[in-house]
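Q: Dropping in coords_23.cif, which is mmCIF, N, CA and C atoms:
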data_data
#
loop_
_atom_site.label_atom_id
_atom_site.label_comp_id
_atom_site.auth_asym_id
_atom_site.auth_seq_id
_atom_site.Cartn_x
_atom_site.Cartn_y
_atom_site.Cartn_z
N LEU A 1 261.80 77.90 -1.30
CA LEU A 1 260.49 77.92 -1.92
C LEU A 1 260.47 77.11 -3.21
N GLU A 2 261.52 77.24 -4.02
CA GLU A 2 261.58 76.51 -5.28
C GLU A 2 261.59 74.99 -5.02
N PHE A 3 262.39 74.54 -4.03
CA PHE A 3 262.43 73.12 -3.71
C PHE A 3 261.05 72.62 -3.29
N ARG A 4 260.33 73.43 -2.51
CA ARG A 4 259.01 73.04 -2.04
C ARG A 4 258.06 72.82 -3.22
N ARG A 5 258.13 73.71 -4.22
CA ARG A 5 257.27 73.59 -5.39
C ARG A 5 257.60 72.32 -6.17
N VAL A 6 258.89 72.07 -6.39
CA VAL A 6 259.31 70.87 -7.12
C VAL A 6 258.91 69.62 -6.36
N SER A 7 259.09 69.63 -5.05
CA SER A 7 258.71 68.50 -4.22
C SER A 7 257.21 68.23 -4.34
N SER A 8 256.40 69.28 -4.32
CA SER A 8 254.96 69.14 -4.47
C SER A 8 254.60 68.57 -5.83
N ASP A 9 255.28 69.03 -6.88
CA ASP A 9 255.03 68.52 -8.22
C ASP A 9 255.36 67.03 -8.31
N LEU A 10 256.48 66.62 -7.72
CA LEU A 10 256.86 65.21 -7.72
C LEU A 10 255.85 64.38 -6.94
N GLU A 11 255.35 64.93 -5.86
CA GLU A 11 254.33 64.22 -5.08
C GLU A 11 253.08 64.01 -5.93
N ASP A 12 252.65 65.03 -6.66
CA ASP A 12 251.47 64.90 -7.53
C ASP A 12 251.69 63.85 -8.60
N ILE A 13 252.88 63.78 -9.15
CA ILE A 13 253.19 62.75 -10.16
C ILE A 13 253.09 61.36 -9.54
N GLY A 14 253.62 61.21 -8.33
CA GLY A 14 253.52 59.93 -7.64
C GLY A 14 252.08 59.54 -7.31
N ILE A 15 251.28 60.52 -6.89
CA ILE A 15 249.88 60.26 -6.58
C ILE A 15 249.13 59.86 -7.86
N ALA A 16 249.39 60.56 -8.94
CA ALA A 16 248.73 60.22 -10.22
C ALA A 16 249.10 58.80 -10.64
N ALA A 17 250.36 58.42 -10.50
CA ALA A 17 250.79 57.07 -10.84
C ALA A 17 250.08 56.04 -9.97
N TYR A 18 250.00 56.32 -8.67
CA TYR A 18 249.32 55.41 -7.74
C TYR A 18 247.85 55.24 -8.12
N LEU A 19 247.15 56.37 -8.35
CA LEU A 19 245.72 56.29 -8.67
C LEU A 19 245.50 55.58 -10.00
N ASN A 20 246.37 55.80 -10.98
CA ASN A 20 246.24 55.09 -12.24
C ASN A 20 246.40 53.58 -12.05
N CYS A 21 247.32 53.18 -11.18
CA CYS A 21 247.46 51.75 -10.87
C CYS A 21 246.23 51.22 -10.15
N LEU A 22 245.73 52.00 -9.19
CA LEU A 22 244.55 51.61 -8.42
C LEU A 22 243.33 51.44 -9.33
N TRP A 23 243.15 52.37 -10.26
CA TRP A 23 241.99 52.36 -11.13
C TRP A 23 242.14 51.40 -12.31
N GLY A 24 243.35 50.96 -12.60
CA GLY A 24 243.57 50.02 -13.69
C GLY A 24 243.12 50.58 -15.02
N ASP A 25 242.41 49.76 -15.77
CA ASP A 25 241.95 50.18 -17.10
C ASP A 25 240.66 50.99 -17.05
N ASP A 26 240.04 51.07 -15.87
CA ASP A 26 238.81 51.85 -15.74
C ASP A 26 239.10 53.34 -15.90
N LYS A 27 238.24 54.02 -16.62
CA LYS A 27 238.31 55.48 -16.71
C LYS A 27 237.25 56.02 -15.78
N VAL A 28 237.67 56.79 -14.80
CA VAL A 28 236.76 57.23 -13.74
C VAL A 28 236.51 58.73 -13.82
N SER A 29 235.46 59.15 -13.14
CA SER A 29 235.22 60.57 -12.94
C SER A 29 235.63 60.89 -11.50
N PHE A 30 236.17 62.09 -11.31
CA PHE A 30 236.64 62.44 -9.99
C PHE A 30 236.51 63.93 -9.76
N VAL A 31 236.54 64.31 -8.49
CA VAL A 31 236.67 65.71 -8.10
C VAL A 31 237.79 65.76 -7.07
N ASP A 32 238.73 66.69 -7.28
CA ASP A 32 239.87 66.89 -6.39
C ASP A 32 239.60 68.14 -5.57
N LEU A 33 239.31 67.96 -4.29
CA LEU A 33 238.98 69.08 -3.41
C LEU A 33 240.25 69.68 -2.82
N GLY A 34 240.39 70.98 -2.98
CA GLY A 34 241.62 71.65 -2.56
C GLY A 34 242.73 71.32 -3.53
N CYS A 35 242.45 71.46 -4.82
CA CYS A 35 243.35 70.98 -5.87
C CYS A 35 244.64 71.77 -6.00
N GLY A 36 244.75 72.91 -5.34
CA GLY A 36 246.00 73.67 -5.36
C GLY A 36 246.45 74.04 -6.75
N ASN A 37 247.63 73.57 -7.14
CA ASN A 37 248.19 73.95 -8.43
C ASN A 37 247.50 73.29 -9.62
N GLY A 38 246.64 72.31 -9.39
CA GLY A 38 245.89 71.67 -10.46
C GLY A 38 246.65 70.60 -11.22
N LEU A 39 247.90 70.34 -10.84
CA LEU A 39 248.70 69.38 -11.58
C LEU A 39 248.11 67.97 -11.54
N LEU A 40 247.59 67.56 -10.40
CA LEU A 40 247.00 66.22 -10.31
C LEU A 40 245.80 66.10 -11.25
N VAL A 41 244.98 67.13 -11.32
CA VAL A 41 243.84 67.13 -12.25
C VAL A 41 244.34 67.03 -13.68
N TYR A 42 245.36 67.80 -14.01
CA TYR A 42 245.94 67.77 -15.35
C TYR A 42 246.45 66.37 -15.69
N LEU A 43 247.22 65.78 -14.78
CA LEU A 43 247.80 64.46 -15.05
C LEU A 43 246.73 63.38 -15.22
N LEU A 44 245.75 63.37 -14.32
CA LEU A 44 244.71 62.34 -14.41
C LEU A 44 243.82 62.52 -15.64
N ASN A 45 243.47 63.76 -15.96
CA ASN A 45 242.68 63.99 -17.18
C ASN A 45 243.48 63.62 -18.43
N SER A 46 244.79 63.85 -18.40
CA SER A 46 245.64 63.48 -19.53
C SER A 46 245.68 61.98 -19.75
N GLU A 47 245.39 61.22 -18.69
CA GLU A 47 245.34 59.76 -18.79
C GLU A 47 243.96 59.24 -19.19
N GLY A 48 243.03 60.16 -19.48
CA GLY A 48 241.71 59.76 -19.95
C GLY A 48 240.61 59.76 -18.91
N HIS A 49 240.94 60.11 -17.67
CA HIS A 49 239.91 60.23 -16.64
C HIS A 49 239.21 61.57 -16.80
N GLN A 50 238.02 61.68 -16.25
CA GLN A 50 237.24 62.92 -16.34
C GLN A 50 237.13 63.52 -14.96
N GLY A 51 237.83 64.62 -14.72
CA GLY A 51 237.80 65.18 -13.39
C GLY A 51 237.86 66.68 -13.34
N GLN A 52 237.48 67.17 -12.17
CA GLN A 52 237.53 68.60 -11.88
C GLN A 52 238.34 68.81 -10.61
N GLY A 53 238.97 69.96 -10.54
CA GLY A 53 239.65 70.38 -9.33
C GLY A 53 238.96 71.62 -8.79
N ILE A 54 238.78 71.67 -7.49
CA ILE A 54 238.14 72.82 -6.86
C ILE A 54 239.09 73.34 -5.78
N ASP A 55 239.30 74.64 -5.79
CA ASP A 55 240.13 75.25 -4.76
C ASP A 55 239.55 76.60 -4.38
N LEU A 56 239.88 77.02 -3.19
CA LEU A 56 239.39 78.28 -2.65
C LEU A 56 239.88 79.48 -3.46
N ARG A 57 241.07 79.33 -4.05
CA ARG A 57 241.58 80.42 -4.88
C ARG A 57 242.25 79.88 -6.14
N LYS A 58 242.12 80.64 -7.19
CA LYS A 58 242.73 80.30 -8.48
C LYS A 58 244.24 80.49 -8.38
N ARG A 59 244.98 79.60 -9.00
CA ARG A 59 246.43 79.70 -9.03
C ARG A 59 246.88 80.21 -10.39
N LYS A 60 247.97 80.95 -10.41
CA LYS A 60 248.50 81.50 -11.67
C LYS A 60 248.83 80.39 -12.66
N ILE A 61 249.31 79.26 -12.16
CA ILE A 61 249.72 78.16 -13.03
C ILE A 61 248.55 77.59 -13.84
N TRP A 62 247.32 77.76 -13.35
CA TRP A 62 246.17 77.20 -14.06
C TRP A 62 246.12 77.72 -15.50
N SER A 63 246.50 78.96 -15.72
CA SER A 63 246.42 79.54 -17.06
C SER A 63 247.44 78.94 -18.02
N THR A 64 248.39 78.16 -17.52
CA THR A 64 249.38 77.53 -18.40
C THR A 64 248.92 76.17 -18.90
N PHE A 65 247.87 75.63 -18.31
CA PHE A 65 247.36 74.34 -18.75
C PHE A 65 246.52 74.52 -20.02
N PRO A 66 246.38 73.44 -20.81
CA PRO A 66 245.50 73.52 -21.98
C PRO A 66 244.07 73.92 -21.58
N GLN A 67 243.36 74.54 -22.48
CA GLN A 67 242.02 75.05 -22.21
C GLN A 67 241.08 73.97 -21.67
N GLU A 68 241.20 72.74 -22.20
CA GLU A 68 240.32 71.66 -21.73
C GLU A 68 240.59 71.28 -20.27
N ILE A 69 241.75 71.62 -19.76
CA ILE A 69 242.04 71.42 -18.34
C ILE A 69 241.58 72.64 -17.54
N GLN A 70 241.86 73.83 -18.07
CA GLN A 70 241.49 75.07 -17.36
C GLN A 70 240.01 75.11 -17.01
N VAL A 71 239.14 74.64 -17.90
CA VAL A 71 237.70 74.69 -17.63
C VAL A 71 237.29 73.73 -16.51
N ASN A 72 238.19 72.82 -16.16
CA ASN A 72 237.91 71.87 -15.08
C ASN A 72 238.58 72.24 -13.77
N LEU A 73 239.17 73.42 -13.72
CA LEU A 73 239.76 73.93 -12.47
C LEU A 73 238.89 75.09 -12.00
N LEU A 74 238.21 74.88 -10.89
CA LEU A 74 237.20 75.83 -10.42
C LEU A 74 237.63 76.52 -9.14
N GLU A 75 237.47 77.84 -9.14
CA GLU A 75 237.70 78.62 -7.93
C GLU A 75 236.37 78.78 -7.22
N GLN A 76 236.20 78.06 -6.13
CA GLN A 76 234.95 78.16 -5.37
C GLN A 76 235.13 77.58 -3.98
N VAL A 77 234.23 77.96 -3.12
CA VAL A 77 234.24 77.48 -1.74
C VAL A 77 233.52 76.13 -1.69
N VAL A 78 234.11 75.18 -1.00
CA VAL A 78 233.45 73.91 -0.70
C VAL A 78 233.08 73.96 0.77
N LYS A 79 231.79 74.02 1.02
CA LYS A 79 231.32 74.17 2.39
C LYS A 79 231.31 72.80 3.08
N PRO A 80 232.01 72.69 4.20
CA PRO A 80 232.04 71.41 4.91
C PRO A 80 230.75 71.19 5.72
N ASP A 81 229.75 70.59 5.08
CA ASP A 81 228.51 70.25 5.76
C ASP A 81 227.83 69.10 5.03
N THR A 82 226.71 68.65 5.53
CA THR A 82 226.03 67.48 4.97
C THR A 82 225.22 67.79 3.71
N GLN A 83 225.24 69.04 3.27
CA GLN A 83 224.55 69.40 2.03
C GLN A 83 225.48 69.34 0.83
N THR A 84 226.78 69.18 1.05
CA THR A 84 227.77 69.16 -0.02
C THR A 84 227.89 67.75 -0.58
N VAL A 85 227.55 67.60 -1.85
CA VAL A 85 227.62 66.29 -2.49
C VAL A 85 228.18 66.45 -3.91
N PHE A 86 228.72 65.35 -4.42
CA PHE A 86 229.29 65.30 -5.77
C PHE A 86 228.79 64.02 -6.44
N PRO A 87 227.50 63.96 -6.80
CA PRO A 87 226.94 62.72 -7.34
C PRO A 87 227.52 62.31 -8.69
N GLN A 88 228.15 63.24 -9.41
CA GLN A 88 228.72 62.92 -10.71
C GLN A 88 230.08 62.23 -10.59
N ALA A 89 230.66 62.21 -9.40
CA ALA A 89 232.02 61.70 -9.22
C ALA A 89 232.04 60.25 -8.77
N ASP A 90 232.87 59.45 -9.44
CA ASP A 90 233.15 58.09 -8.97
C ASP A 90 234.06 58.13 -7.75
N TRP A 91 234.96 59.13 -7.74
CA TRP A 91 235.94 59.28 -6.68
C TRP A 91 236.00 60.74 -6.22
N ILE A 92 236.18 60.94 -4.93
CA ILE A 92 236.47 62.25 -4.36
C ILE A 92 237.88 62.18 -3.79
N LEU A 93 238.74 63.08 -4.25
CA LEU A 93 240.14 63.08 -3.86
C LEU A 93 240.42 64.25 -2.92
N GLY A 94 241.29 64.04 -1.98
CA GLY A 94 241.73 65.09 -1.08
C GLY A 94 243.22 64.96 -0.80
N ASN A 95 244.02 65.72 -1.53
CA ASN A 95 245.47 65.72 -1.36
C ASN A 95 245.85 66.99 -0.60
N HIS A 96 246.17 66.86 0.67
CA HIS A 96 246.46 68.03 1.52
C HIS A 96 245.27 68.97 1.51
N SER A 97 244.10 68.42 1.73
CA SER A 97 242.86 69.20 1.65
C SER A 97 242.47 69.86 2.97
N ASP A 98 243.39 69.88 3.92
CA ASP A 98 243.25 70.59 5.18
C ASP A 98 241.91 70.31 5.87
N GLU A 99 241.13 71.36 6.16
CA GLU A 99 239.90 71.19 6.94
C GLU A 99 238.83 70.37 6.22
N LEU A 100 238.98 70.15 4.91
CA LEU A 100 238.02 69.31 4.19
C LEU A 100 238.34 67.82 4.35
N THR A 101 239.55 67.48 4.76
CA THR A 101 239.98 66.08 4.82
C THR A 101 239.01 65.18 5.60
N PRO A 102 238.62 65.52 6.83
CA PRO A 102 237.70 64.61 7.54
C PRO A 102 236.30 64.57 6.93
N TRP A 103 235.97 65.56 6.10
CA TRP A 103 234.65 65.60 5.47
C TRP A 103 234.59 64.78 4.18
N ILE A 104 235.71 64.46 3.59
CA ILE A 104 235.70 63.77 2.30
C ILE A 104 234.99 62.42 2.37
N PRO A 105 235.21 61.58 3.39
CA PRO A 105 234.41 60.34 3.47
C PRO A 105 232.91 60.63 3.62
N VAL A 106 232.56 61.69 4.33
CA VAL A 106 231.15 62.08 4.49
C VAL A 106 230.58 62.50 3.13
N PHE A 107 231.32 63.35 2.39
CA PHE A 107 230.87 63.77 1.06
C PHE A 107 230.67 62.55 0.16
N ALA A 108 231.60 61.60 0.21
CA ALA A 108 231.50 60.41 -0.63
C ALA A 108 230.26 59.60 -0.28
N CYS A 109 230.03 59.39 0.99
CA CYS A 109 228.87 58.62 1.45
C CYS A 109 227.56 59.29 1.03
N LEU A 110 227.50 60.62 1.14
CA LEU A 110 226.28 61.35 0.80
C LEU A 110 226.10 61.52 -0.70
N SER A 111 227.19 61.42 -1.47
CA SER A 111 227.11 61.65 -2.92
C SER A 111 226.41 60.49 -3.63
N SER A 112 226.80 59.28 -3.32
CA SER A 112 226.14 58.10 -3.88
C SER A 112 226.65 56.86 -3.15
N ALA A 113 225.95 55.78 -3.34
CA ALA A 113 226.34 54.52 -2.68
C ALA A 113 227.62 53.96 -3.27
N THR A 114 228.02 54.43 -4.45
CA THR A 114 229.20 53.89 -5.11
C THR A 114 230.38 54.87 -5.16
N THR A 115 230.20 56.07 -4.65
CA THR A 115 231.29 57.05 -4.68
C THR A 115 232.37 56.63 -3.68
N LYS A 116 233.60 56.56 -4.17
CA LYS A 116 234.74 56.20 -3.34
C LYS A 116 235.54 57.46 -3.02
N PHE A 117 236.48 57.34 -2.09
CA PHE A 117 237.31 58.49 -1.75
C PHE A 117 238.74 58.06 -1.51
N TRP A 118 239.63 59.02 -1.66
CA TRP A 118 241.05 58.84 -1.37
C TRP A 118 241.56 60.14 -0.76
N VAL A 119 242.27 60.05 0.35
CA VAL A 119 242.83 61.24 0.99
C VAL A 119 244.29 61.02 1.36
N LEU A 120 245.05 62.10 1.28
CA LEU A 120 246.41 62.16 1.79
C LEU A 120 246.44 63.37 2.71
N PRO A 121 246.21 63.15 4.00
CA PRO A 121 246.12 64.28 4.92
C PRO A 121 247.49 64.89 5.20
N CYS A 122 247.50 66.18 5.48
CA CYS A 122 248.75 66.84 5.85
C CYS A 122 248.67 67.43 7.25
N CYS A 123 247.51 67.89 7.62
CA CYS A 123 247.33 68.55 8.91
C CYS A 123 246.13 67.91 9.60
N PRO A 124 246.23 67.65 10.90
CA PRO A 124 245.12 66.99 11.59
C PRO A 124 243.95 67.94 11.87
N PHE A 125 242.81 67.62 11.28
CA PHE A 125 241.58 68.37 11.50
C PHE A 125 240.49 67.40 11.93
N SER A 126 239.57 67.88 12.75
CA SER A 126 238.37 67.12 13.06
C SER A 126 237.25 67.70 12.18
N LEU A 127 236.04 67.24 12.41
CA LEU A 127 234.92 67.77 11.62
C LEU A 127 234.60 69.22 11.97
N THR A 128 235.07 69.69 13.11
CA THR A 128 234.73 71.06 13.53
C THR A 128 235.91 71.98 13.74
N ALA A 129 237.12 71.46 13.85
CA ALA A 129 238.26 72.35 14.13
C ALA A 129 239.58 71.61 13.89
N LYS A 130 240.65 72.39 13.88
CA LYS A 130 241.98 71.81 13.77
C LYS A 130 242.38 71.24 15.13
N TYR A 131 242.97 70.02 15.11
CA TYR A 131 243.45 69.43 16.37
C TYR A 131 244.58 70.28 16.92
N GLN A 132 244.62 70.42 18.21
CA GLN A 132 245.67 71.22 18.86
C GLN A 132 246.82 70.32 19.28
#
What would you get if you wrote out this structure as structure tokens?
A:
Amino acid sequence: LEFRRVSSDLEDIGIAAYLNCLWGDDKVSFVDLGCGNGLLVYLLNSEGHQGQGIDLRKRKIWSTFPQEIQVNLLEQVVKPDTQTVFPQADWILGNHSDELTPWIPVFACLSSATTKFWVLPCCPFSLTAKYQ
């Protein structure tokens, strides 16, 4: 279990480095769907980006982050349908976002003409169910 947590943390560091390179000098707004431990949100906000993380359940580790990060980690349900939009976000991120993964391009398209998305899928899901 400990190795899995460290591996996940290292993955988040690598993803943050990649996104910082992708975004260059631009400071972007983002929403991380299924943010889990919130580390990616913490790292990207620490680099000057403005983002929120949303997850189905609050993690204990969230309380260890600075207050300005904690207020950007939200415990709430993201409903996978065509009514879910994030117009304030330049980017919608999905790192192991499970059943939300196939919906993230849809959310981006519906949010605005300029909203981009990035996903790192872990489990194969369709718009209606997990692939068997």
Q: Give me the result of the PyMOL selection byres (((chain A and resi 64-70 and name CA) around 12) and name CA) on this file, residue by residue, as a list of chain:residue names.
A: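 That expression, the PyMOL selection byres (((chain A and resi 64-70 and name CA) around 12) and name CA), corresponds here to A:Asn37, A:Gly38, A:Leu39, A:Leu40, A:Val41, A:Tyr42, A:Leu43, A:Leu44, A:Asn45, A:Ser46, A:Gly48, A:His49, A:Gln50, A:Gly51, A:Gln52, A:Gly53, A:Ile54, A:Lys58, A:Arg59, A:Lys60, A:Ile61, A:Trp62, A:Ser63, A:Val71, A:Asn72, A:Leu73, A:Leu74, A:Glu75.
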Q: When you draw a straight line from atom C of A:Val28 to atom CA of A:Asp90, how long is it in Å?
A: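 Atom CA of A:Asp90 lies at a distance of 5.9 Å from atom C of A:Val28.
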Q: Please report the interatomic distance between atom C of A:Ser112 and atom C of A:Ile92 in Å with one decimal.
A: 12.4 Å
Q: Would you mind reading off the distance between atom CA of A:Asp55 and atom CA of A:Thr101, one decimal, in Å?
A: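 Distance reported for this atom pair: 13.3 Å.
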Q: Where does the PyMOL selection byres (((chain A and resi 86 and name CA) around 12) and name CA) land in this file, that is, which residues does it pick, as a ChimeraX atom specification?
A: /A:29-33,51-52,54,78,82-85,87-93,104-117
Q: Residues of stretch 30-127 of chain A classed as alpha helix (DSSP H) by DSSP on the backbone are to be reported as a list in words.
A: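 Checking each residue of stretch 30-127 of chain A, the alpha helix (DSSP H) ones are Leu39, Leu40, Val41, Tyr42, Leu43, Leu44, Asn45, Ser46, Gln67, Glu68, Ile69, Gln70, Ile104, Pro105, Val106, Phe107, Ala108, Cys109, Leu110 and Ser111 of chain A.
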Q: Decode the PyMOL selection byres ((chain A and resi 122) around 6.5) for the given file into explicit residues and return them as a VMD selection string.
A: chain A and resid 95 to 98 120 to 121 123 to 124
Q: Between A:Glu47, A:Asp81, A:Asp25, A:Asp12, which is the closest to A:Pro102 once you count only C-alpha atoms?
A: A:Asp81
Q: Once DSSP has gone over the backbone, tell me which residues of stretch 1-124 of chain A are in strand (DSSP E), as a list in words.
A: Ser29, Phe30, Val31, Asp32, Leu33, Gln50, Gly51, Gln52, Gly53, Ile54, Asp55, Leu73, Leu74, Glu75, Trp91, Ile92, Leu93, Gly94, Asn95, Lys116, Phe117, Trp118, Val119 and Leu120 of chain A
Q: Export, as a tab-separated table (two decimals), keeping the file's coordinate frame, the selected residues with N, CA and C atoms.
A:
chain	number	residue	atom	x	y	z
A	29	SER	N	235.46	59.15	-13.14
A	29	SER	CA	235.22	60.57	-12.94
A	29	SER	C	235.63	60.89	-11.50
A	30	PHE	N	236.17	62.09	-11.31
A	30	PHE	CA	236.64	62.44	-9.99
A	30	PHE	C	236.51	63.93	-9.76
A	31	VAL	N	236.54	64.31	-8.49
A	31	VAL	CA	236.67	65.71	-8.10
A	31	VAL	C	237.79	65.76	-7.07
A	32	ASP	N	238.73	66.69	-7.28
A	32	ASP	CA	239.87	66.89	-6.39
A	32	ASP	C	239.60	68.14	-5.57
A	33	LEU	N	239.31	67.96	-4.29
A	33	LEU	CA	238.98	69.08	-3.41
A	33	LEU	C	240.25	69.68	-2.82
A	50	GLN	N	238.02	61.68	-16.25
A	50	GLN	CA	237.24	62.92	-16.34
A	50	GLN	C	237.13	63.52	-14.96
A	51	GLY	N	237.83	64.62	-14.72
A	51	GLY	CA	237.80	65.18	-13.39
A	51	GLY	C	237.86	66.68	-13.34
A	52	GLN	N	237.48	67.17	-12.17
A	52	GLN	CA	237.53	68.60	-11.88
A	52	GLN	C	238.34	68.81	-10.61
A	53	GLY	N	238.97	69.96	-10.54
A	53	GLY	CA	239.65	70.38	-9.33
A	53	GLY	C	238.96	71.62	-8.79
A	54	ILE	N	238.78	71.67	-7.49
A	54	ILE	CA	238.14	72.82	-6.86
A	54	ILE	C	239.09	73.34	-5.78
A	55	ASP	N	239.30	74.64	-5.79
A	55	ASP	CA	240.13	75.25	-4.76
A	55	ASP	C	239.55	76.60	-4.38
A	73	LEU	N	239.17	73.42	-13.72
A	73	LEU	CA	239.76	73.93	-12.47
A	73	LEU	C	238.89	75.09	-12.00
A	74	LEU	N	238.21	74.88	-10.89
A	74	LEU	CA	237.20	75.83	-10.42
A	74	LEU	C	237.63	76.52	-9.14
A	75	GLU	N	237.47	77.84	-9.14
A	75	GLU	CA	237.70	78.62	-7.93
A	75	GLU	C	236.37	78.78	-7.22
A	91	TRP	N	234.96	59.13	-7.74
A	91	TRP	CA	235.94	59.28	-6.68
A	91	TRP	C	236.00	60.74	-6.22
A	92	ILE	N	236.18	60.94	-4.93
A	92	ILE	CA	236.47	62.25	-4.36
A	92	ILE	C	237.88	62.18	-3.79
A	93	LEU	N	238.74	63.08	-4.25
A	93	LEU	CA	240.14	63.08	-3.86
A	93	LEU	C	240.42	64.25	-2.92
A	94	GLY	N	241.29	64.04	-1.98
A	94	GLY	CA	241.73	65.09	-1.08
A	94	GLY	C	243.22	64.96	-0.80
A	95	ASN	N	244.02	65.72	-1.53
A	95	ASN	CA	245.47	65.72	-1.36
A	95	ASN	C	245.85	66.99	-0.60
A	116	LYS	N	233.60	56.56	-4.17
A	116	LYS	CA	234.74	56.20	-3.34
A	116	LYS	C	235.54	57.46	-3.02
A	117	PHE	N	236.48	57.34	-2.09
A	117	PHE	CA	237.31	58.49	-1.75
A	117	PHE	C	238.74	58.06	-1.51
A	118	TRP	N	239.63	59.02	-1.66
A	118	TRP	CA	241.05	58.84	-1.37
A	118	TRP	C	241.56	60.14	-0.76
A	119	VAL	N	242.27	60.05	0.35
A	119	VAL	CA	242.83	61.24	0.99
A	119	VAL	C	244.29	61.02	1.36
A	120	LEU	N	245.05	62.10	1.28
A	120	LEU	CA	246.41	62.16	1.79
A	120	LEU	C	246.44	63.37	2.71
Q: Here is a test: counting all atoms listed in the file, which residue of A:Trp118, A:Trp103, A:Arg57, A:Leu10 is nearest to A:Gly36?
A: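 Using all atoms listed in the file, A:Gly36 sits closest to A:Arg57.
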Q: In terms of the shortest atom-to-atom distance over only C-alpha atoms, which of A:Cys35, A:Asp26, A:Leu100, A:Cys21 is closest to A:Thr128?
A: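 Result for the nearest residue to A:Thr128: A:Leu100.
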Q: Starting from the incomplete input, reconstruct N, CA, C and O atoms of stretch 106-120 of chain A and report them as a CSV table (one decimal), keeping the file's coordinate frame.
A:
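Output contents, as saved in part-v7.csv:
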chain,number,residue,atom,x,y,z
A,106,VAL,N,232.6,61.7,4.3
A,106,VAL,CA,231.2,62.1,4.5
A,106,VAL,C,230.6,62.5,3.1
A,106,VAL,O,229.5,62.0,2.7
A,107,PHE,N,231.3,63.4,2.4
A,107,PHE,CA,230.9,63.8,1.1
A,107,PHE,C,230.7,62.6,0.2
A,107,PHE,O,229.7,62.5,-0.6
A,108,ALA,N,231.6,61.6,0.2
A,108,ALA,CA,231.5,60.4,-0.6
A,108,ALA,C,230.3,59.6,-0.3
A,108,ALA,O,229.5,59.2,-1.2
A,109,CYS,N,230.0,59.4,1.0
A,109,CYS,CA,228.9,58.6,1.4
A,109,CYS,C,227.6,59.3,1.0
A,109,CYS,O,226.6,58.6,0.6
A,110,LEU,N,227.5,60.6,1.1
A,110,LEU,CA,226.3,61.4,0.8
A,110,LEU,C,226.1,61.5,-0.7
A,110,LEU,O,225.0,61.7,-1.2
A,111,SER,N,227.2,61.4,-1.5
A,111,SER,CA,227.1,61.6,-2.9
A,111,SER,C,226.4,60.5,-3.6
A,111,SER,O,225.5,60.7,-4.5
A,112,SER,N,226.8,59.3,-3.3
A,112,SER,CA,226.1,58.1,-3.9
A,112,SER,C,226.6,56.9,-3.2
A,112,SER,O,227.7,56.9,-2.5
A,113,ALA,N,226.0,55.8,-3.3
A,113,ALA,CA,226.3,54.5,-2.7
A,113,ALA,C,227.6,54.0,-3.3
A,113,ALA,O,228.3,53.1,-2.6
A,114,THR,N,228.0,54.4,-4.4
A,114,THR,CA,229.2,53.9,-5.1
A,114,THR,C,230.4,54.9,-5.2
A,114,THR,O,231.4,54.5,-5.6
A,115,THR,N,230.2,56.1,-4.6
A,115,THR,CA,231.3,57.0,-4.7
A,115,THR,C,232.4,56.6,-3.7
A,115,THR,O,232.1,56.4,-2.5
A,116,LYS,N,233.6,56.6,-4.2
A,116,LYS,CA,234.7,56.2,-3.3
A,116,LYS,C,235.5,57.5,-3.0
A,116,LYS,O,235.3,58.5,-3.6
A,117,PHE,N,236.5,57.3,-2.1
A,117,PHE,CA,237.3,58.5,-1.8
A,117,PHE,C,238.7,58.1,-1.5
A,117,PHE,O,239.0,56.9,-1.2
A,118,TRP,N,239.6,59.0,-1.7
A,118,TRP,CA,241.0,58.8,-1.4
A,118,TRP,C,241.6,60.1,-0.8
A,118,TRP,O,241.3,61.2,-1.3
A,119,VAL,N,242.3,60.0,0.4
A,119,VAL,CA,242.8,61.2,1.0
A,119,VAL,C,244.3,61.0,1.4
A,119,VAL,O,244.7,59.9,1.7
A,120,LEU,N,245.0,62.1,1.3
A,120,LEU,CA,246.4,62.2,1.8
A,120,LEU,C,246.4,63.4,2.7
A,120,LEU,O,246.6,64.5,2.3
